[in-house]
Amino acid sequence: MLRALASIYIEGQGLSRRDVFKVFRVCAHSSPASEQTVLSTDGAKKSNAKETSYATTAADSGGGAPPPPPPPRPPPARSPRVWSAFAALTAITASLGGVYIYRKMNGDVDDEKDTKLSSDEREADAGETALPASGEALPAHVQYLLVGGGTASFAAMRAIRSARPDAQVLIVGAESALPYMRPPLSKELWREPDLAARAARPDSLTFRQWNGRRRSVTYEPSAFYTPPDRLRDGGAGAGVARGWRATRLDPVRHSAELAAPGGATHTLTYDKCLVATGARARRVPALRAAAAAGRALALRGVRDVARLAAALDDPALRTVAVVGGGFLACELAVALADRLREDGKRVVQVFREGAPLAGVLPRYLADDVAARLTEAGVTLLPEVEVTGAALQEGGVHVQLSSGARLDAQLVVECVGVEPEVELARASGLELEPRLGGVLVNAELQARSDVFAAGDVACFYDEALGRRRVEHHDHAVVSGRLAGENMAALAPPKPYKHQSMFWSDLGPRLGYEAIGIVDSELPTFGVFSADAVGDEATEPHALAVGASMGPSEGVAEGPSEGVAGGPSVGVAGGPSVGVAGGPSESVARRAGPPRRYERGVVFYVREQRVVGVLLWNLFNRMHVARQVISKGEFEDLFEVAKLFSPQEED
Ligand SMILES: Cc1cc2nc3c(=O)[nH]c(=O)nc-3n(C[C@H](O)[C@H](O)[C@H](O)COP(=O)(O)OP(=O)(O)OC[C@H]3O[C@@H](n4cnc5c(N)ncnc54)[C@H](O)[C@@H]3O)c2cc1C
């Protein structure tokens with residue numbers, strides 16, 4: 001028997017002063033055999049677990065339709081040392097000898113809109129080609145019209161076809177690619193060679209998943225879909241009008257107007273329509289001229305991947321700036337740093353928060369992310385905004401709010417998305433003024449026979465109130481439910497699913513979350529202490545800050561950065577006290593940030609757990625879902641034990 005000593009580390013943010021820390025110690029037992037089981041079954045377990053989690057999802061939405069393929073997701077590589085720590089955590093609930101606990105207080109409606117494209121739409125569609133090229137090949141009527149060629153529409157199509165195999169479904173998508181998944185666009189794809197050329201042919205674009213298997217970004221090949229002219233001739237099936245945009249719906253007449261970039265137009269009628277137009281990337285106003293000159297771009301679709309990959313291949317590129325501190329910016333910064341490292345090109349991440357992901361993670365975890373990004377080779381520039389940009393020969397001078405200037409050959413804008421509501425607005429659908437998006441009821445209906453799902457839908461969540469969610473799992477489940485309700489084999493069902501999202505930051509950190517995950521909320525985190533501090537002594541000071549001066553750009557490396565950025569480091573060790581209410585800041589120690597390897601964070605609102613974050617902890621989403629649904633607990637530390645990994649993990 002291997003006798004391992006492990007401990008639990010608890011972090012809180014914005015909790016009351018009563019939540020003083022306690023000190024325990026734990027003595028955990030695990031056997032080498034069980035560790036080996038864990039290691040050897042990881043791949044299979046992981047893949048099964050993902051499928052199970054999607055099956056659960058189907059049940060949640062009341063569905064029987066086959067779910068779309070689960071999203072690809074590489075688990076961070078786990079060293080034996082990590083696994084033994086993991087196994088130690090497993091045994092915590094069994095043998096509490098002592099644990100040390102530390103709590104740190106931590107529509108407007110356009111009156112007129114014809115089938116011509118707006119300037120925004122024209123810009124978005126530049127480079128897309130319509131297939132079929134002429135409206136003559138499109139049907140004059142379909143039973144099910146799905147607007148948007150993304151994940152939500154694809155999921156709806158499968159649900160409809162499953163409920164009504166003889167149905168006629170037409171997906172109308174503004175992109176010329178077949179429906180595809182977006183998550184690999186900021187992760188796995190950047191490990192692929194010849195990406196610029198391959199991404200220009202998205203129908204055959206593949207990537208390597210975490211389990212080594214190759215997979216296509218498109219959900220199905222073109223042979224899966226019914227040619228639109230067969231639908232026109234009355235045949236059943238699911239067709240795609242690629243490169244076509246719906247410009248207006250008439251919910252009363254049940255008609256839709258379509259337009260293609262070449263100027264072709266078409267009008268058709270429908271029985272039921274889904275609006276799944278997703279979201280579009282927000283842009284930085286100060287970078288408009290740089291964008292027009294091809295020196296700034298946003299990453300939303302596969303065509304953006306092709307453009308970005310081509311730009312990165314330019315031998316003259318030395319610095320790429322990633323603007324933003326959210327999920328996409330962090331994922332992409334890590335992926336690009338990894339891709340460009342050998343070429344000596346560098347990635348600088350510019351963001352307004354004090355640490356990356358500080359808008360969603362409690363600060364101590366955001367500081368941990370900062371350290372990880374720095375180790376991955378990303379130069380971080382926190383607490384600055386892009387205030388201006390001047391084109392220069394071969395690049396752009398990016399002016400920062402700090403007064404510093406960053407010289408880059410390319411800027412990638414990852415500053416969030418906004419729901420794509422042009423169609424909804426032109427069609428007189430009600431928009432949600434605060435959260436944005438198309439207002440739908442719990443059954444995802446906007447008007448009679450008009451539904452909305454995915455990123456664009458602002459829906460009513462019985463547990464958490466009105467919400468809009470911009471994540472893959474939500475697109476899958478809401479799309480599927482909309483499809484089931486459109487097929488109407490039974491009375492419409494409400495959306496009750498608590499969707500999850502995931503993100504990976506390089507090979508050693510993956511996290512999943514569910515519910516409302518917002519760093520403004522009080523949080524309570526429990527981490528495996530054997531892993532919490534195990535790298536805290538290693539020097540990995542952050543390279544933050546910028547050097548001034550017209551041509552110097554950003555200072556590089558840990559020693560060159562200007563001091564005074566986020567001198568991160570959560571007050572550490574078991575003997576550190578607890579800061580008070582939300583307004584009291586956590587005492588911070590000088591030195592390196594603490595490393596958090598595995599744990600769970602609860603987000604609390606009005607005494608209820610409304611969000612759960614699993615940090616390098618996998619296959620526990622079903623537990624998190626139950627925790628959110630119950631909401632109120634006496635002791636969150638006890639709840640945290642539910643997330644201890646089991647031997648079979
Ligand atoms: C790079 C990237 C990485 C991501 N990674 C993750 C991740 O790791 N985990 C996670 O949970 N989520 C992730 N997401 C978010 C996730 O991909 C989205 O939430 C999901 O794609 C939303 O699906 P959707 O069908 O609602 O919209 P979309 O996928 O955006 O599809 C909408 C489609 O509709 C088209 N369209 C818009 N207007 C019209 C119109 N009028 N007529 C016809 N077509 C129209 C658009 O061109 C688009 O093709 C990522 C997103 C991106 C961009």
# chains A, B, ... in the order shown; residues from 1 in each chain; ligands from 1

$ residues_around --residues "stretch 488-502 of chain A" --least-positions-apart "4" --cutoff "8 Å" --atoms "only C-alpha atoms" --output "ChimeraX atom specification"
/A:57,60-62,163,442-444,460-462,471-474,477-478,481,484,510-515,621,625

$ residues_near_ligand --ligand "ligand 1" --cutoff "7 Å" --atoms "only C-alpha atoms and all ligand atoms" --output "PyMOL selection string"
chain A and resi 147-153+172-175+181-186+244-247+276-280+299-301+328+420+422-423+453-456+470-475+500-503

$ select_by_dssp --residues "stretch 322-565 of chain A" --states "alpha helix (DSSP H)" --output "PyMOL selection string"
chain A and resi 327-340+363-375+422-426+472-487+529-532+557-560

$ residues_around --residues "A:Leu431" --least-positions-apart "5" --cutoff "9 Å" --atoms "only C-alpha atoms" --output "list in words"
Gly107, Asp108, Val421, Ala424, Arg425, Gly436, Gly437, Val438, Leu439, Val440 and Cys458 of chain A

$ write_last_selection --atoms "N, CA and C atoms" --output "PDB file, in the first residue's frame"
ATOM      1  N   GLY A 107     -34.195  46.988 -30.447  1.00  0.00           N
ATOM      2  CA  GLY A 107     -34.636  47.031 -31.360  1.00  0.00           C
ATOM      3  C   GLY A 107     -35.293  47.862 -32.162  1.00  0.00           C
ATOM      4  N   ASP A 108     -34.358  47.977 -31.454  1.00  0.00           N
ATOM      5  CA  ASP A 108     -34.918  48.799 -32.533  1.00  0.00           C
ATOM      6  C   ASP A 108     -35.148  47.972 -33.808  1.00  0.00           C
ATOM      7  N   VAL A 421     -28.030  39.506 -34.620  1.00  0.00           N
ATOM      8  CA  VAL A 421     -29.482  39.730 -34.574  1.00  0.00           C
ATOM      9  C   VAL A 421     -30.030  40.507 -35.775  1.00  0.00           C
ATOM     10  N   ALA A 424     -33.158  38.927 -37.036  1.00  0.00           N
ATOM     11  CA  ALA A 424     -34.250  39.042 -36.064  1.00  0.00           C
ATOM     12  C   ALA A 424     -34.804  40.461 -36.049  1.00  0.00           C
ATOM     13  N   ARG A 425     -33.881  41.406 -36.085  1.00  0.00           N
ATOM     14  CA  ARG A 425     -34.305  42.809 -36.053  1.00  0.00           C
ATOM     15  C   ARG A 425     -35.106  43.148 -37.309  1.00  0.00           C
ATOM     16  N   GLY A 436     -29.055  40.999 -24.725  1.00  0.00           N
ATOM     17  CA  GLY A 436     -28.941  40.866 -26.177  1.00  0.00           C
ATOM     18  C   GLY A 436     -29.554  39.560 -26.643  1.00  0.00           C
ATOM     19  N   GLY A 437     -29.733  39.447 -27.934  1.00  0.00           N
ATOM     20  CA  GLY A 437     -30.251  38.206 -28.501  1.00  0.00           C
ATOM     21  C   GLY A 437     -31.758  38.235 -28.685  1.00  0.00           C
ATOM     22  N   VAL A 438     -32.250  37.165 -29.255  1.00  0.00           N
ATOM     23  CA  VAL A 438     -33.675  37.034 -29.559  1.00  0.00           C
ATOM     24  C   VAL A 438     -34.392  36.505 -28.321  1.00  0.00           C
ATOM     25  N   LEU A 439     -35.409  37.207 -27.915  1.00  0.00           N
ATOM     26  CA  LEU A 439     -36.150  36.804 -26.720  1.00  0.00           C
ATOM     27  C   LEU A 439     -37.011  35.585 -27.034  1.00  0.00           C
ATOM     28  N   VAL A 440     -36.779  34.495 -26.301  1.00  0.00           N
ATOM     29  CA  VAL A 440     -37.624  33.301 -26.477  1.00  0.00           C
ATOM     30  C   VAL A 440     -38.143  32.852 -25.120  1.00  0.00           C
ATOM     31  N   CYS A 458     -31.973  34.300 -26.262  1.00  0.00           N
ATOM     32  CA  CYS A 458     -32.017  34.733 -24.864  1.00  0.00           C
ATOM     33  C   CYS A 458     -33.231  34.034 -24.250  1.00  0.00           C
TER      34      CYS A 458
END

$ closest_residue --among "A:Ala640, A:Ala296, A:Ala223, A:Leu138" --to "A:Glu257" --atoms "only C-alpha atoms"
A:Leu138

$ select_by_dssp --residues "stretch 330-485 of chain A" --states "strand (DSSP E)" --output "ChimeraX atom specification"
/A:346-350,378-381,386-392,395-400,405-408,410-413,417-419,438-439,445-447,450-452,457-461,465-468

$ residues_around --residues "A:Arg230" --least-positions-apart "3" --cutoff "9 Å" --atoms "only C-alpha atoms" --output "list of chain:residue names"
A:Ala137, A:Leu138, A:Pro139, A:Thr226, A:Pro227, A:Asp233, A:Gly234, A:Gly235, A:Ala236, A:Gly237, A:Gly239

$ write_last_selection --atoms "all heavy atoms" --output "PDB file, in the first residue's frame"
ATOM      1  N   ALA A 137     -32.379  26.777 -57.805  1.00  0.00           N
ATOM      2  CA  ALA A 137     -32.145  25.416 -57.308  1.00  0.00           C
ATOM      3  C   ALA A 137     -32.684  25.219 -55.884  1.00  0.00           C
ATOM      4  O   ALA A 137     -32.579  24.123 -55.326  1.00  0.00           O
ATOM      5  CB  ALA A 137     -30.647  25.102 -57.338  1.00  0.00           C
ATOM      6  N   LEU A 138     -33.244  26.276 -55.317  1.00  0.00           N
ATOM      7  CA  LEU A 138     -33.750  26.173 -53.941  1.00  0.00           C
ATOM      8  C   LEU A 138     -35.259  25.923 -53.945  1.00  0.00           C
ATOM      9  O   LEU A 138     -35.965  26.348 -54.869  1.00  0.00           O
ATOM     10  CB  LEU A 138     -33.434  27.464 -53.174  1.00  0.00           C
ATOM     11  CG  LEU A 138     -31.948  27.712 -52.916  1.00  0.00           C
ATOM     12  CD1 LEU A 138     -31.727  29.115 -52.350  1.00  0.00           C
ATOM     13  CD2 LEU A 138     -31.381  26.664 -51.954  1.00  0.00           C
ATOM     14  N   PRO A 139     -35.769  25.265 -52.906  1.00  0.00           N
ATOM     15  CA  PRO A 139     -37.207  24.990 -52.874  1.00  0.00           C
ATOM     16  C   PRO A 139     -38.026  26.257 -52.645  1.00  0.00           C
ATOM     17  O   PRO A 139     -37.538  27.223 -52.056  1.00  0.00           O
ATOM     18  CB  PRO A 139     -37.358  24.026 -51.687  1.00  0.00           C
ATOM     19  CG  PRO A 139     -36.138  24.218 -50.859  1.00  0.00           C
ATOM     20  CD  PRO A 139     -35.048  24.676 -51.771  1.00  0.00           C
ATOM     21  N   THR A 226     -28.872  16.349 -48.510  1.00  0.00           N
ATOM     22  CA  THR A 226     -29.692  16.217 -49.715  1.00  0.00           C
ATOM     23  C   THR A 226     -29.482  17.455 -50.593  1.00  0.00           C
ATOM     24  O   THR A 226     -29.570  18.584 -50.075  1.00  0.00           O
ATOM     25  CB  THR A 226     -31.180  16.144 -49.310  1.00  0.00           C
ATOM     26  OG1 THR A 226     -31.324  15.095 -48.352  1.00  0.00           O
ATOM     27  CG2 THR A 226     -32.077  15.884 -50.502  1.00  0.00           C
ATOM     28  N   PRO A 227     -29.181  17.282 -51.879  1.00  0.00           N
ATOM     29  CA  PRO A 227     -29.033  18.473 -52.725  1.00  0.00           C
ATOM     30  C   PRO A 227     -30.304  19.314 -52.675  1.00  0.00           C
ATOM     31  O   PRO A 227     -31.420  18.759 -52.757  1.00  0.00           O
ATOM     32  CB  PRO A 227     -28.813  17.888 -54.129  1.00  0.00           C
ATOM     33  CG  PRO A 227     -28.324  16.489 -53.889  1.00  0.00           C
ATOM     34  CD  PRO A 227     -28.963  16.034 -52.615  1.00  0.00           C
ATOM     35  N   ASP A 233     -37.774  19.593 -55.576  1.00  0.00           N
ATOM     36  CA  ASP A 233     -38.639  18.678 -56.334  1.00  0.00           C
ATOM     37  C   ASP A 233     -39.526  17.821 -55.431  1.00  0.00           C
ATOM     38  O   ASP A 233     -40.121  16.837 -55.879  1.00  0.00           O
ATOM     39  CB  ASP A 233     -37.787  17.782 -57.242  1.00  0.00           C
ATOM     40  CG  ASP A 233     -37.016  18.607 -58.264  1.00  0.00           C
ATOM     41  OD1 ASP A 233     -37.426  19.766 -58.501  1.00  0.00           O
ATOM     42  OD2 ASP A 233     -35.997  18.125 -58.791  1.00  0.00           O
ATOM     43  N   GLY A 234     -39.536  18.151 -54.131  1.00  0.00           N
ATOM     44  CA  GLY A 234     -40.467  17.481 -53.225  1.00  0.00           C
ATOM     45  C   GLY A 234     -39.881  16.328 -52.433  1.00  0.00           C
ATOM     46  O   GLY A 234     -40.586  15.686 -51.639  1.00  0.00           O
ATOM     47  N   GLY A 235     -38.583  16.076 -52.605  1.00  0.00           N
ATOM     48  CA  GLY A 235     -37.963  14.967 -51.870  1.00  0.00           C
ATOM     49  C   GLY A 235     -37.757  15.311 -50.402  1.00  0.00           C
ATOM     50  O   GLY A 235     -37.712  16.487 -50.015  1.00  0.00           O
ATOM     51  N   ALA A 236     -37.644  14.279 -49.579  1.00  0.00           N
ATOM     52  CA  ALA A 236     -37.359  14.485 -48.152  1.00  0.00           C
ATOM     53  C   ALA A 236     -35.848  14.533 -47.958  1.00  0.00           C
ATOM     54  O   ALA A 236     -35.082  14.127 -48.826  1.00  0.00           O
ATOM     55  CB  ALA A 236     -37.962  13.350 -47.337  1.00  0.00           C
ATOM     56  N   GLY A 237     -35.444  15.014 -46.802  1.00  0.00           N
ATOM     57  CA  GLY A 237     -34.018  15.039 -46.491  1.00  0.00           C
ATOM     58  C   GLY A 237     -33.621  16.373 -45.885  1.00  0.00           C
ATOM     59  O   GLY A 237     -34.463  17.242 -45.631  1.00  0.00           O
ATOM     60  N   GLY A 239     -31.097  19.507 -46.557  1.00  0.00           N
ATOM     61  CA  GLY A 239     -30.197  20.160 -47.502  1.00  0.00           C
ATOM     62  C   GLY A 239     -29.565  21.387 -46.886  1.00  0.00           C
ATOM     63  O   GLY A 239     -30.031  21.896 -45.853  1.00  0.00           O
TER      64      GLY A 239
END

$ closest_residue --among "A:Arg253, A:Arg248, A:Lys272, A:Arg288" --to "A:Asn485" --atoms "only C-alpha atoms"
A:Lys272

$ closest_residue --among "A:Leu297, A:Ala358, A:Ala140, A:Leu336" --to "A:Leu258" --atoms "only C-alpha atoms"
A:Ala140

$ residues_around --residues "A:Leu332" --least-positions-apart "2" --cutoff "9 Å" --atoms "only C-alpha atoms" --output "ChimeraX atom specification"
/A:185-187,190,322,327-330,334-337,414,505

$ write_last_selection --atoms "all heavy atoms" --output "short mmCIF file (atom, residue, chain, number, x, y, z; two decimals), in the first residue's frame"
data_model
loop_
_atom_site.label_atom_id
_atom_site.label_comp_id
_atom_site.auth_asym_id
_atom_site.auth_seq_id
_atom_site.Cartn_x
_atom_site.Cartn_y
_atom_site.Cartn_z
N LEU A 185 -11.02 25.51 -33.49
CA LEU A 185 -10.44 26.65 -34.22
C LEU A 185 -9.47 27.45 -33.36
O LEU A 185 -8.64 28.20 -33.88
CB LEU A 185 -11.55 27.58 -34.72
CG LEU A 185 -12.18 27.28 -36.08
CD1 LEU A 185 -12.59 25.85 -36.24
CD2 LEU A 185 -13.33 28.22 -36.38
N SER A 186 -9.60 27.34 -32.06
CA SER A 186 -8.65 28.07 -31.21
C SER A 186 -7.74 27.11 -30.46
O SER A 186 -7.00 27.54 -29.58
CB SER A 186 -9.43 28.94 -30.20
OG SER A 186 -10.40 28.15 -29.53
N LYS A 187 -7.81 25.83 -30.78
CA LYS A 187 -7.02 24.84 -30.02
C LYS A 187 -6.27 23.91 -30.96
O LYS A 187 -5.23 24.26 -31.49
CB LYS A 187 -7.94 24.04 -29.09
CG LYS A 187 -8.85 24.88 -28.22
CD LYS A 187 -9.77 24.01 -27.39
CE LYS A 187 -10.84 24.81 -26.68
NZ LYS A 187 -11.83 25.46 -27.57
N TRP A 190 -4.25 24.51 -34.44
CA TRP A 190 -2.98 25.23 -34.53
C TRP A 190 -1.78 24.31 -34.39
O TRP A 190 -0.64 24.75 -34.48
CB TRP A 190 -2.97 26.39 -33.53
CG TRP A 190 -4.02 27.35 -33.94
CD1 TRP A 190 -5.27 27.47 -33.40
CD2 TRP A 190 -3.99 28.24 -35.06
NE1 TRP A 190 -6.01 28.38 -34.11
CE2 TRP A 190 -5.25 28.88 -35.13
CE3 TRP A 190 -3.03 28.57 -36.00
CZ2 TRP A 190 -5.57 29.82 -36.10
CZ3 TRP A 190 -3.34 29.52 -36.98
CH2 TRP A 190 -4.59 30.12 -37.01
N VAL A 322 -2.40 39.48 -29.39
CA VAL A 322 -3.75 38.96 -29.18
C VAL A 322 -4.42 39.91 -28.19
O VAL A 322 -3.93 40.09 -27.08
CB VAL A 322 -3.72 37.52 -28.62
CG1 VAL A 322 -5.12 37.04 -28.30
CG2 VAL A 322 -3.03 36.58 -29.61
N PHE A 327 -11.73 33.65 -22.64
CA PHE A 327 -11.41 32.26 -23.00
C PHE A 327 -10.68 32.17 -24.34
O PHE A 327 -9.64 31.54 -24.46
CB PHE A 327 -12.69 31.42 -23.13
CG PHE A 327 -13.49 31.37 -21.89
CD1 PHE A 327 -14.76 31.92 -21.85
CD2 PHE A 327 -12.99 30.77 -20.74
CE1 PHE A 327 -15.52 31.88 -20.70
CE2 PHE A 327 -13.74 30.72 -19.59
CZ PHE A 327 -15.01 31.28 -19.57
N LEU A 328 -11.30 32.78 -25.35
CA LEU A 328 -10.77 32.64 -26.69
C LEU A 328 -9.37 33.21 -26.79
O LEU A 328 -8.46 32.59 -27.35
CB LEU A 328 -11.72 33.33 -27.68
CG LEU A 328 -11.37 33.17 -29.15
CD1 LEU A 328 -11.42 31.72 -29.56
CD2 LEU A 328 -12.35 33.98 -30.00
N ALA A 329 -9.18 34.40 -26.22
CA ALA A 329 -7.86 35.04 -26.29
C ALA A 329 -6.81 34.17 -25.61
O ALA A 329 -5.71 33.98 -26.14
CB ALA A 329 -7.92 36.41 -25.62
N CYS A 330 -7.15 33.62 -24.46
CA CYS A 330 -6.16 32.82 -23.72
C CYS A 330 -5.84 31.53 -24.47
O CYS A 330 -4.68 31.14 -24.61
CB CYS A 330 -6.67 32.50 -22.31
SG CYS A 330 -6.79 33.97 -21.28
N VAL A 334 -2.03 30.82 -26.17
CA VAL A 334 -1.23 29.63 -25.86
C VAL A 334 -0.95 28.82 -27.13
O VAL A 334 0.17 28.40 -27.39
CB VAL A 334 -1.95 28.74 -24.82
CG1 VAL A 334 -1.30 27.39 -24.72
CG2 VAL A 334 -1.93 29.43 -23.47
N ALA A 335 -2.01 28.62 -27.93
CA ALA A 335 -1.84 27.80 -29.13
C ALA A 335 -0.86 28.46 -30.11
O ALA A 335 -0.02 27.79 -30.70
CB ALA A 335 -3.20 27.60 -29.80
N LEU A 336 -0.96 29.77 -30.25
CA LEU A 336 -0.06 30.45 -31.19
C LEU A 336 1.37 30.47 -30.66
O LEU A 336 2.33 30.31 -31.42
CB LEU A 336 -0.54 31.88 -31.47
CG LEU A 336 -1.90 32.02 -32.17
CD1 LEU A 336 -2.15 33.46 -32.57
CD2 LEU A 336 -2.01 31.11 -33.39
N ALA A 337 1.51 30.68 -29.35
CA ALA A 337 2.87 30.69 -28.78
C ALA A 337 3.54 29.35 -29.03
O ALA A 337 4.72 29.27 -29.38
CB ALA A 337 2.81 31.00 -27.28
N CYS A 414 -9.76 39.37 -29.94
CA CYS A 414 -10.59 38.37 -29.25
C CYS A 414 -11.28 39.07 -28.09
O CYS A 414 -10.96 38.82 -26.92
CB CYS A 414 -9.73 37.23 -28.73
SG CYS A 414 -8.78 36.37 -29.97
N LEU A 505 -5.96 25.22 -21.67
CA LEU A 505 -4.85 26.15 -21.83
C LEU A 505 -3.58 25.32 -21.89
O LEU A 505 -2.97 25.03 -20.86
CB LEU A 505 -4.79 27.14 -20.67
CG LEU A 505 -5.90 28.18 -20.66
CD1 LEU A 505 -5.81 29.06 -19.45
CD2 LEU A 505 -5.86 29.01 -21.94
#

$ residues_around --residues "stretch 344-352 of chain A" --least-positions-apart "2" --cutoff "8 Å" --atoms "only C-alpha atoms" --output "list in words"
Leu317, Arg318, Thr319, Val320, Ala321, Val322, Val323, Gly324, Gly325, Ala329, Ala333, Leu336, Ala337, Leu340, Arg341, Glu342, Gly354, Pro356, Gly377, Val378, Thr379, Leu380, Leu381, Pro382, Glu383, Val384, Glu385, Val386 and Val554 of chain A

$ write_last_selection --atoms "C-alpha atoms" --output "compact mmCIF listing (two decimals), in the first residue's frame"
# COMPACT_ATOMS: atom_id res chain seq x y z
CA LEU A 317 6.07 38.44 -38.94
CA ARG A 318 7.87 38.79 -35.64
CA THR A 319 5.14 39.73 -33.17
CA VAL A 320 1.47 38.87 -33.10
CA ALA A 321 -0.67 40.68 -30.57
CA VAL A 322 -3.75 38.96 -29.18
CA VAL A 323 -6.19 41.48 -27.74
CA GLY A 324 -8.50 40.21 -25.01
CA GLY A 325 -8.43 38.47 -21.67
CA ALA A 329 -7.86 35.04 -26.29
CA ALA A 333 -2.45 32.95 -27.25
CA LEU A 336 -0.06 30.45 -31.19
CA ALA A 337 2.87 30.69 -28.78
CA LEU A 340 5.43 30.05 -33.31
CA ARG A 341 7.99 29.24 -30.65
CA GLU A 342 10.41 27.47 -32.96
CA GLY A 354 -5.53 42.52 -13.97
CA PRO A 356 -6.24 36.74 -17.87
CA GLY A 377 5.76 31.82 -23.88
CA VAL A 378 3.01 34.44 -23.98
CA THR A 379 4.03 37.95 -22.97
CA LEU A 380 1.22 39.42 -20.91
CA LEU A 381 0.24 43.07 -20.89
CA PRO A 382 -2.51 43.39 -18.26
CA GLU A 383 -4.56 46.43 -17.33
CA VAL A 384 -4.27 48.11 -20.69
CA GLU A 385 -6.64 48.82 -23.53
CA VAL A 386 -5.94 49.45 -27.16
CA VAL A 554 7.05 45.15 -25.51

$ residues_around --residues "stretch 212-221 of chain A" --least-positions-apart "5" --cutoff "8 Å" --atoms "only C-alpha atoms" --output "ChimeraX atom specification"
/A:68-69,178-182,184,202-207

$ atom_distance --atom1 "atom CA of A:His141" --atom2 "atom CA of A:Pro419"
27.5 Å

$ closest_residue --among "A:Val601, A:Ala463, A:Met157, A:Ala316" --to "A:Ile628" --atoms "only C-alpha atoms"
A:Ala463

$ atom_distance --atom1 "atom CA of A:Asp229" --atom2 "atom CA of A:Ala199"
27.8 Å
